[in-house]
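Reproduced below: structure.txt, with compact mmCIF, C-alpha atoms.
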# COMPACT_ATOMS: atom_id res chain seq x y z
CA MET A 1 72.63 12.64 6.23
CA GLN A 2 73.97 14.64 9.17
CA LEU A 3 71.61 17.50 8.25
CA VAL A 4 68.62 15.12 8.19
CA ARG A 5 69.46 13.78 11.65
CA ARG A 6 69.75 17.31 13.05
CA ALA A 7 66.38 18.28 11.53
CA LEU A 8 64.67 15.20 12.95
CA LEU A 9 66.12 15.89 16.41
CA ALA A 10 64.88 19.46 16.25
CA TRP A 11 61.35 18.33 15.30
CA ILE A 12 61.21 15.90 18.27
CA VAL A 13 62.30 18.64 20.67
CA LEU A 14 59.79 21.15 19.30
CA THR A 15 56.83 18.75 19.34
CA GLY A 16 57.66 17.70 22.89
CA ALA A 17 57.74 21.35 23.91
CA CYS A 18 54.33 21.91 22.32
CA GLY A 19 52.83 19.05 24.33
CA PHE A 20 52.47 16.49 21.51
CA THR A 21 53.31 12.90 22.28
CA ALA A 22 54.42 10.60 19.54
CA ARG A 23 52.99 7.11 19.78
CA ALA A 24 53.10 4.08 17.59
CA ILE A 25 49.75 2.95 16.08
CA ASP A 26 49.00 -0.74 16.25
CA PRO A 27 46.46 -1.42 13.52
CA GLY A 28 45.07 -4.32 15.52
CA ALA A 29 44.41 -2.26 18.65
CA SER A 30 41.22 -0.28 19.48
CA ASP A 31 41.26 3.49 19.50
CA PRO A 32 40.95 4.68 23.13
CA ASP A 33 39.45 7.97 21.91
CA ALA A 34 36.64 6.25 19.96
CA PRO A 35 33.16 5.92 21.57
CA ALA A 36 32.48 2.66 23.33
CA ALA A 37 30.87 0.00 21.15
CA LEU A 38 27.17 -0.74 21.79
CA ASP A 39 26.39 -3.93 23.65
CA PRO A 40 24.27 -5.90 21.16
CA ASP A 41 22.23 -7.22 24.11
CA ASP A 42 21.67 -3.69 25.46
CA PRO A 43 21.64 -1.25 22.52
CA ASP A 44 20.26 1.66 24.57
CA GLY A 45 22.89 1.25 27.30
CA ASP A 46 20.47 1.41 30.21
CA GLY A 47 21.76 -1.76 31.88
CA VAL A 48 18.74 -3.87 30.95
CA ALA A 49 19.32 -6.52 28.32
CA ALA A 50 17.00 -9.30 27.16
CA SER A 51 13.86 -8.18 29.02
CA ASP A 52 14.13 -4.46 28.18
CA ASN A 53 10.62 -3.09 27.53
CA CYS A 54 12.13 -0.17 25.56
CA PRO A 55 15.15 -1.75 23.85
CA ASN A 56 16.07 1.38 21.90
CA VAL A 57 15.26 4.03 24.52
CA ALA A 58 17.18 4.18 27.80
CA ASN A 59 14.77 3.53 30.69
CA PRO A 60 16.58 1.82 33.57
CA ASP A 61 13.43 2.09 35.73
CA GLN A 62 11.43 -0.05 33.21
CA LEU A 63 8.24 1.79 34.22
CA ASP A 64 5.15 0.42 32.42
CA SER A 65 2.11 2.24 33.81
CA ASP A 66 -0.53 0.49 31.70
CA GLY A 67 1.01 -2.98 31.91
CA ASP A 68 1.00 -3.61 28.16
CA GLY A 69 4.61 -4.73 28.00
CA VAL A 70 5.89 -1.46 26.50
CA GLY A 71 7.73 0.91 28.82
CA ASP A 72 6.39 4.42 29.34
CA ALA A 73 9.53 5.91 27.78
CA CYS A 74 8.65 4.48 24.35
CA ASP A 75 4.89 3.79 24.67
CA ASN A 76 2.69 5.82 22.29
CA CYS A 77 -0.16 5.36 24.79
CA PRO A 78 1.57 5.18 28.19
CA HIS A 79 -1.73 5.20 30.12
CA ALA A 80 -3.88 3.05 27.80
CA ALA A 81 -2.95 -0.58 27.28
CA ASN A 82 -2.13 -1.22 23.61
CA PRO A 83 0.29 -4.13 23.30
CA PRO A 84 2.10 -4.50 19.96
CA VAL A 85 0.22 -6.58 17.39
CA ALA A 86 1.13 -8.04 14.02
CA THR A 87 0.36 -5.51 11.29
CA PRO A 88 0.62 -5.76 7.47
CA GLY A 89 3.87 -4.30 6.20
CA ALA A 90 5.61 -4.33 9.58
CA ASP A 91 8.34 -6.90 10.16
CA HIS A 92 7.49 -7.12 13.88
CA PRO A 93 4.44 -6.43 16.07
CA ILE A 94 3.78 -2.71 16.55
CA GLN A 95 1.59 -0.35 18.55
CA ARG A 96 -0.79 0.83 15.86
CA ASP A 97 -0.90 4.57 15.10
CA HIS A 98 -3.06 5.06 12.01
CA ASP A 99 -2.46 8.77 11.47
CA GLY A 100 1.24 8.63 12.44
CA ASP A 101 1.06 11.53 14.89
CA GLY A 102 2.82 9.69 17.73
CA ARG A 103 -0.38 9.00 19.68
CA GLY A 104 -1.47 5.39 19.32
CA ASP A 105 -4.97 4.51 18.15
CA ALA A 106 -5.89 3.35 21.67
CA CYS A 107 -5.51 6.83 23.18
CA ASP A 108 -5.76 9.20 20.20
CA LEU A 109 -8.98 11.23 20.37
CA CYS A 110 -8.78 11.66 16.57
CA PRO A 111 -7.10 8.41 15.47
CA GLN A 112 -7.72 9.11 11.78
CA LEU A 113 -6.45 12.70 11.84
CA ALA A 114 -2.93 13.86 12.67
CA ALA A 115 -4.12 16.73 14.87
CA PRO A 116 -1.58 18.90 16.74
CA SER A 117 -3.40 18.28 20.04
CA ASP A 118 -6.17 16.24 21.60
CA THR A 119 -8.27 19.16 22.85
CA ASP A 120 -11.74 17.88 23.85
CA THR A 121 -14.03 20.77 24.80
CA ASP A 122 -17.11 18.72 25.69
CA GLY A 123 -15.20 15.88 27.38
CA ASP A 124 -16.79 13.08 25.35
CA GLY A 125 -13.52 11.42 24.35
CA ILE A 126 -13.66 12.77 20.78
CA GLY A 127 -11.11 15.44 19.91
CA ASP A 128 -12.41 18.81 18.76
CA ALA A 129 -10.55 18.42 15.45
CA CYS A 130 -12.76 15.47 14.44
CA ASP A 131 -15.88 15.94 16.59
CA PRO A 132 -18.97 16.75 14.49
CA GLN A 133 -20.55 18.23 17.65
CA PRO A 134 -17.60 19.67 19.61
CA THR A 135 -19.80 21.32 22.25
CA VAL A 136 -22.27 18.44 22.69
CA LYS A 137 -21.34 15.26 24.52
CA ASN A 138 -21.66 12.28 22.15
CA PRO A 139 -21.49 8.55 22.88
CA PRO A 140 -18.01 7.02 22.37
CA ALA A 141 -16.81 7.08 18.77
CA TYR A 142 -16.18 3.93 16.72
CA PHE A 143 -12.89 3.66 14.82
CA ASN A 144 -11.57 0.85 12.64
CA GLY A 145 -8.21 1.28 10.92
CA PHE A 146 -8.88 -1.72 8.61
CA TYR A 147 -5.63 -3.47 9.56
CA ASP A 148 -7.33 -6.88 9.64
CA PRO A 149 -9.88 -8.54 7.31
CA PRO A 150 -13.58 -7.88 8.00
CA ASP A 151 -14.73 -9.99 10.95
CA GLY A 152 -18.15 -11.09 12.16
CA THR A 153 -19.13 -7.55 13.17
CA TRP A 154 -19.30 -6.73 9.45
CA THR A 155 -22.08 -8.28 7.40
CA VAL A 156 -23.03 -8.32 3.73
CA PRO A 157 -26.71 -7.63 2.92
CA ARG A 158 -28.56 -9.59 0.27
CA ASN A 159 -27.53 -8.99 -3.35
CA ALA A 160 -24.38 -7.16 -2.28
CA GLY A 161 -21.49 -9.52 -3.03
CA ALA A 162 -19.57 -11.40 -0.36
CA ARG A 163 -17.33 -10.56 2.56
CA GLY A 164 -14.47 -12.23 0.69
CA ASP A 165 -14.68 -9.46 -1.94
CA TRP A 166 -12.95 -7.23 0.62
CA GLU A 167 -9.25 -7.66 1.40
CA VAL A 168 -6.59 -5.89 3.45
CA VAL A 169 -4.22 -3.98 1.15
CA ARG A 170 -1.19 -1.86 2.01
CA ARG A 171 -0.73 0.82 -0.63
CA SER A 172 2.60 2.06 -1.96
CA ASP A 173 2.50 5.05 0.42
CA GLY A 174 2.31 2.66 3.39
CA ALA A 175 -1.38 3.24 4.18
CA ILE A 176 -3.38 0.14 5.14
CA GLY A 177 -7.06 -0.35 4.36
CA TRP A 178 -9.81 -2.52 2.89
CA ARG A 179 -10.09 -2.91 -0.87
CA GLN A 180 -13.21 -4.09 -2.65
CA ARG A 181 -11.48 -6.04 -5.40
CA THR A 182 -14.32 -7.36 -7.60
CA LEU A 183 -15.00 -5.46 -10.81
CA ASP A 184 -18.20 -7.02 -12.14
CA GLY A 185 -20.19 -4.28 -13.82
CA SER A 186 -23.43 -2.94 -12.39
CA ARG A 187 -23.23 -4.79 -9.09
CA ARG A 188 -23.47 -3.49 -5.56
CA HIS A 189 -20.79 -4.51 -3.07
CA GLN A 190 -21.62 -3.51 0.46
CA LEU A 191 -20.28 -4.07 3.96
CA LEU A 192 -22.36 -3.05 6.99
CA LEU A 193 -21.31 -2.66 10.60
CA ALA A 194 -23.56 -4.58 12.98
CA GLY A 195 -25.95 -2.56 15.09
CA GLU A 196 -28.61 -0.03 14.17
CA LYS A 197 -27.83 3.65 14.74
CA THR A 198 -30.24 6.57 14.92
CA GLN A 199 -28.30 9.57 13.58
CA HIS A 200 -25.02 9.33 11.79
CA TYR A 201 -21.68 11.00 11.25
CA ILE A 202 -19.28 8.86 9.23
CA ASP A 203 -15.76 9.65 8.01
CA SER A 204 -13.41 7.77 5.69
CA VAL A 205 -10.95 8.12 2.81
CA VAL A 206 -11.56 6.28 -0.46
CA VAL A 207 -9.40 5.70 -3.54
CA ILE A 208 -11.12 4.34 -6.67
CA ASP A 209 -8.82 1.96 -8.55
CA ALA A 210 -10.84 1.02 -11.64
CA ILE A 211 -14.23 1.73 -13.22
CA ALA A 212 -16.19 -0.93 -15.10
CA PRO A 213 -17.47 -0.12 -18.61
CA SER A 214 -21.16 0.49 -19.23
CA ASP A 215 -23.42 -2.56 -19.44
CA GLY A 216 -26.80 -0.90 -19.87
CA VAL A 217 -26.19 1.10 -16.68
CA THR A 218 -23.69 3.96 -16.84
CA LEU A 219 -23.41 5.17 -13.23
CA ARG A 220 -20.42 4.04 -11.17
CA GLY A 221 -19.20 5.05 -7.71
CA ALA A 222 -17.67 4.44 -4.28
CA GLU A 223 -19.47 5.78 -1.25
CA LEU A 224 -20.12 5.51 2.45
CA THR A 225 -23.40 3.90 3.49
CA TYR A 226 -25.35 5.56 6.28
CA GLY A 227 -28.87 4.74 7.38
CA PHE A 228 -29.24 1.26 5.83
CA PHE A 229 -32.44 -0.61 6.71
CA PRO A 230 -34.36 -3.47 5.04
CA LYS A 231 -38.13 -3.35 4.57
CA GLY A 232 -39.81 -6.39 3.09
CA ALA A 233 -38.03 -7.33 -0.13
CA ASP A 234 -36.32 -3.93 -0.40
CA ASP A 235 -33.18 -2.37 1.04
CA PHE A 236 -33.32 1.37 1.71
CA TYR A 237 -30.16 3.33 2.45
CA PHE A 238 -28.31 6.61 2.04
CA ILE A 239 -24.92 7.10 0.42
CA CYS A 240 -22.27 9.83 0.56
CA GLY A 241 -19.48 9.74 -1.98
CA THR A 242 -18.33 10.16 -5.56
CA ARG A 243 -20.01 9.00 -8.76
CA HIS A 244 -18.89 8.69 -12.37
CA ASP A 245 -21.24 8.65 -15.36
CA ASN A 246 -19.78 6.62 -18.22
CA SER A 247 -22.24 8.14 -20.71
CA ASN A 248 -20.86 11.67 -20.45
CA ASN A 249 -17.66 11.23 -18.43
CA VAL A 250 -19.01 13.55 -15.71
CA ASN A 251 -17.98 13.19 -12.06
CA THR A 252 -20.15 14.27 -9.13
CA ILE A 253 -20.43 13.90 -5.38
CA LEU A 254 -23.80 13.11 -3.88
CA ALA A 255 -25.96 12.74 -0.80
CA SER A 256 -28.55 10.27 -2.05
CA ALA A 257 -31.31 7.93 -0.92
CA LEU A 258 -31.53 4.54 -2.67
CA ARG A 259 -33.96 1.68 -2.85
CA ASN A 260 -31.95 -1.43 -3.65
CA ASP A 261 -29.68 -0.17 -6.47
CA THR A 262 -31.99 2.55 -7.74
CA VAL A 263 -31.72 6.21 -6.76
CA VAL A 264 -34.89 7.47 -5.07
CA ASP A 265 -33.71 10.98 -4.28
CA ASP A 266 -30.49 12.45 -5.62
CA GLN A 267 -28.76 15.81 -5.07
CA PRO A 268 -25.33 15.74 -6.76
CA SER A 269 -22.69 18.47 -6.90
CA ALA A 270 -20.03 18.81 -9.59
CA TRP A 271 -16.72 17.13 -8.75
CA PRO A 272 -13.76 18.99 -10.31
CA THR A 273 -10.98 16.40 -10.07
CA PRO A 274 -10.40 12.93 -11.55
CA GLN A 275 -12.03 10.03 -9.74
CA THR A 276 -9.41 7.31 -10.00
CA ASP A 277 -6.12 7.16 -8.09
CA VAL A 278 -7.14 10.15 -5.95
CA ALA A 279 -7.49 9.99 -2.15
CA ILE A 280 -10.91 11.48 -1.42
CA HIS A 281 -11.82 12.33 2.17
CA LEU A 282 -15.55 11.75 2.75
CA THR A 283 -17.68 12.87 5.67
CA GLY A 284 -21.41 12.23 5.70
CA LYS A 285 -24.23 13.16 8.09
CA ALA A 286 -27.80 11.90 8.42
CA THR A 287 -29.79 13.80 11.02
CA ARG A 288 -33.41 13.52 12.09
CA VAL A 289 -36.02 16.02 10.99
CA GLY A 290 -39.36 16.21 12.77
CA ASP A 291 -40.46 13.16 14.76
CA THR A 292 -37.86 12.16 17.36
CA ARG A 293 -39.11 8.59 17.80
CA PRO A 294 -37.06 5.73 16.37
CA ARG A 295 -38.04 4.69 12.84
CA MET A 296 -40.00 7.91 12.37
CA GLY A 297 -39.48 11.27 10.73
CA SER A 298 -37.33 12.35 7.79
CA SER A 299 -33.60 12.83 7.25
CA ALA A 300 -31.41 15.78 6.42
CA LEU A 301 -28.39 14.46 4.53
CA SER A 302 -25.04 16.06 3.84
CA CYS A 303 -21.89 14.83 2.14
CA VAL A 304 -18.52 16.55 1.97
CA ALA A 305 -15.82 15.25 -0.39
CA ASP A 306 -12.33 16.67 -0.23
CA ALA A 307 -9.34 15.90 -2.42
CA GLY A 308 -7.79 19.34 -1.85
CA THR A 309 -10.90 21.49 -2.21
CA PRO A 310 -14.04 20.50 -0.24
CA VAL A 311 -17.28 20.05 -2.22
CA THR A 312 -20.63 19.66 -0.44
CA ALA A 313 -23.88 17.97 -1.46
CA THR A 314 -27.04 18.16 0.67
CA ASN A 315 -30.41 16.50 0.50
CA SER A 316 -33.68 16.16 2.44
CA VAL A 317 -35.51 12.85 2.15
CA SER A 318 -38.69 11.38 3.61
CA LEU A 319 -36.87 8.43 5.13
CA PHE A 320 -35.76 8.23 8.76
CA PRO A 321 -31.99 8.10 9.47
CA ASP A 322 -32.10 4.89 11.56
CA GLY A 323 -30.02 2.01 10.26
CA GLN A 324 -26.53 0.66 9.79
CA ILE A 325 -23.38 2.32 8.49
CA GLY A 326 -20.84 0.84 6.11
CA LEU A 327 -18.96 0.87 2.81
CA TYR A 328 -20.38 0.70 -0.70
CA THR A 329 -19.15 0.32 -4.28
CA PHE A 330 -21.09 0.06 -7.53
CA GLY A 331 -19.25 -0.84 -10.73
CA VAL A 332 -15.82 0.04 -9.34
CA THR A 333 -12.98 -1.41 -7.34
CA ALA A 334 -11.94 0.86 -4.51
CA TRP A 335 -9.80 1.06 -1.37
CA PHE A 336 -11.06 2.50 1.95
CA ASP A 337 -8.53 3.73 4.51
CA TYR A 338 -10.60 3.51 7.72
CA VAL A 339 -14.01 4.29 9.16
CA PHE A 340 -14.67 6.73 12.01
CA TYR A 341 -18.25 6.94 13.26
CA VAL A 342 -19.98 9.20 15.78
CA GLU A 343 -23.58 8.81 16.92
CA LEU A 344 -25.11 12.28 16.70
CA VAL A 345 -27.32 13.57 19.50
CA THR A 346 -29.92 16.30 19.64
CA PRO A 347 -28.35 19.37 21.29
CA PRO A 348 -29.89 20.25 24.67
Let's see the structure in the file written out as structure tokens.
Amino acid sequence: MQLVRRALLAWIVLTGACGFTARAIDPGASDPDAPAALDPDDPDGDGVAASDNCPNVANPDQLDSDGDGVGDACDNCPHAANPPVATPGADHPIQRDHDGDGRGDACDLCPQLAAPSDTDTDGDGIGDACDPQPTVKNPPAYFNGFYDPPDGTWTVPRNAGARGDWEVVRRSDGAIGWRQRTLDGSRRHQLLLAGEKTQHYIDSVVVIDAIAPSDGVTLRGAELTYGFFPKGADDFYFICGTRHDNSNNVNTILASALRNDTVVDDQPSAWPTPQTDVAIHLTGKATRVGDTRPRMGSSALSCVADAGTPVTATNSVSLFPDGQIGLYTFGVTAWFDYVFYVELVTPP
């Protein structure tokens, strides 16, 4: 016992000499060396509590240049007002950013494309990465991320289903878009954006969910509509997209002219990948050939489909490009991610 006491005394002397201080630990006391606990009313510690316009980013100045209620320090469009809005799949209102590149839809010059920059050579407000005419100034682009159901700016032409056939769906990968949900055989389902255009560039991504069996007609597909116009009892329009033939199980992409549901002029290209459950990026163009007056001349059509390897189909038809743009399915159910539209102009 005497030896134990001497050893303990020696240890106390040595630790004191080495600068260690023995202290009792009270399990109910806080550790003074631990970081300070976050104030639940001020998680970013900037001294602003309930009214903090960036609750998770310290910004004691609370600067909000565009007045949208989101501070510049956490605003994905600090100089373009884009207040948070309710969005499918989000548990609170958010500033929408369709391509997830950190620039909100309201200020992103390519809102559908996660481009590394917003370079805009011609200064038309359309980024070079998504501008079909990067050295020609175009009118402002139209973008719809399909977060909300089709509103009154989208119409359904005769014999083309109903607006209620289209619903907002968030896919398993988190992407939000419109799904045409009615699988009813050889039937056209079509949505058109209000307002006639003269020359078209249209961009979207489509995923075909299901293909209806043959019912006397074997062709099935999901496409973009460009250049839709009615004439008497007939609807004339162009389509760019993918098509499946049930009779031979062949897939193609096409730039085609249709009268009602019948192909008038068709120029398909072989499509090497499956059609269903594949995200296919579509870009279509309809440009004027010859007469420059509205409702005159012919059209040069092109369609590019890309699911990893781009495939192009082109066509020249004796129909003018004027008309509406939109979405189209025939004998399939399909989901569309967005639509991005640019009015093409004749280069100077």
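Using only C-alpha atoms, the smallest distance between any of A:Asn53, A:Thr346, A:Asn246, A:Thr329 and Arg181 in chain A comes from A:Thr329.
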*Neighbourhood query: residues within 8 Å of (0.7, 5.9, 5.6), file coordinates, counting only C-alpha atoms; return as a ChimeraX atom specification.*
/A:98-100,173-176
*Residue nearest Val339 in chain A - candidates A:Tyr237, A:Phe228, A:Phe146, A:Phe320, atoms counted: only C-alpha atoms*: A:Phe146
*Met296 in chain A: which residues within 10 Å, counting all atoms listed in the file, same-chain residues fewer than 6 positions away excluded, as a ChimeraX atom specification?*
/A:288-290,318-322
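Atom pair CA of Ser269 in chain A / CA of Val332 in chain A: separated by 19.8 Å.
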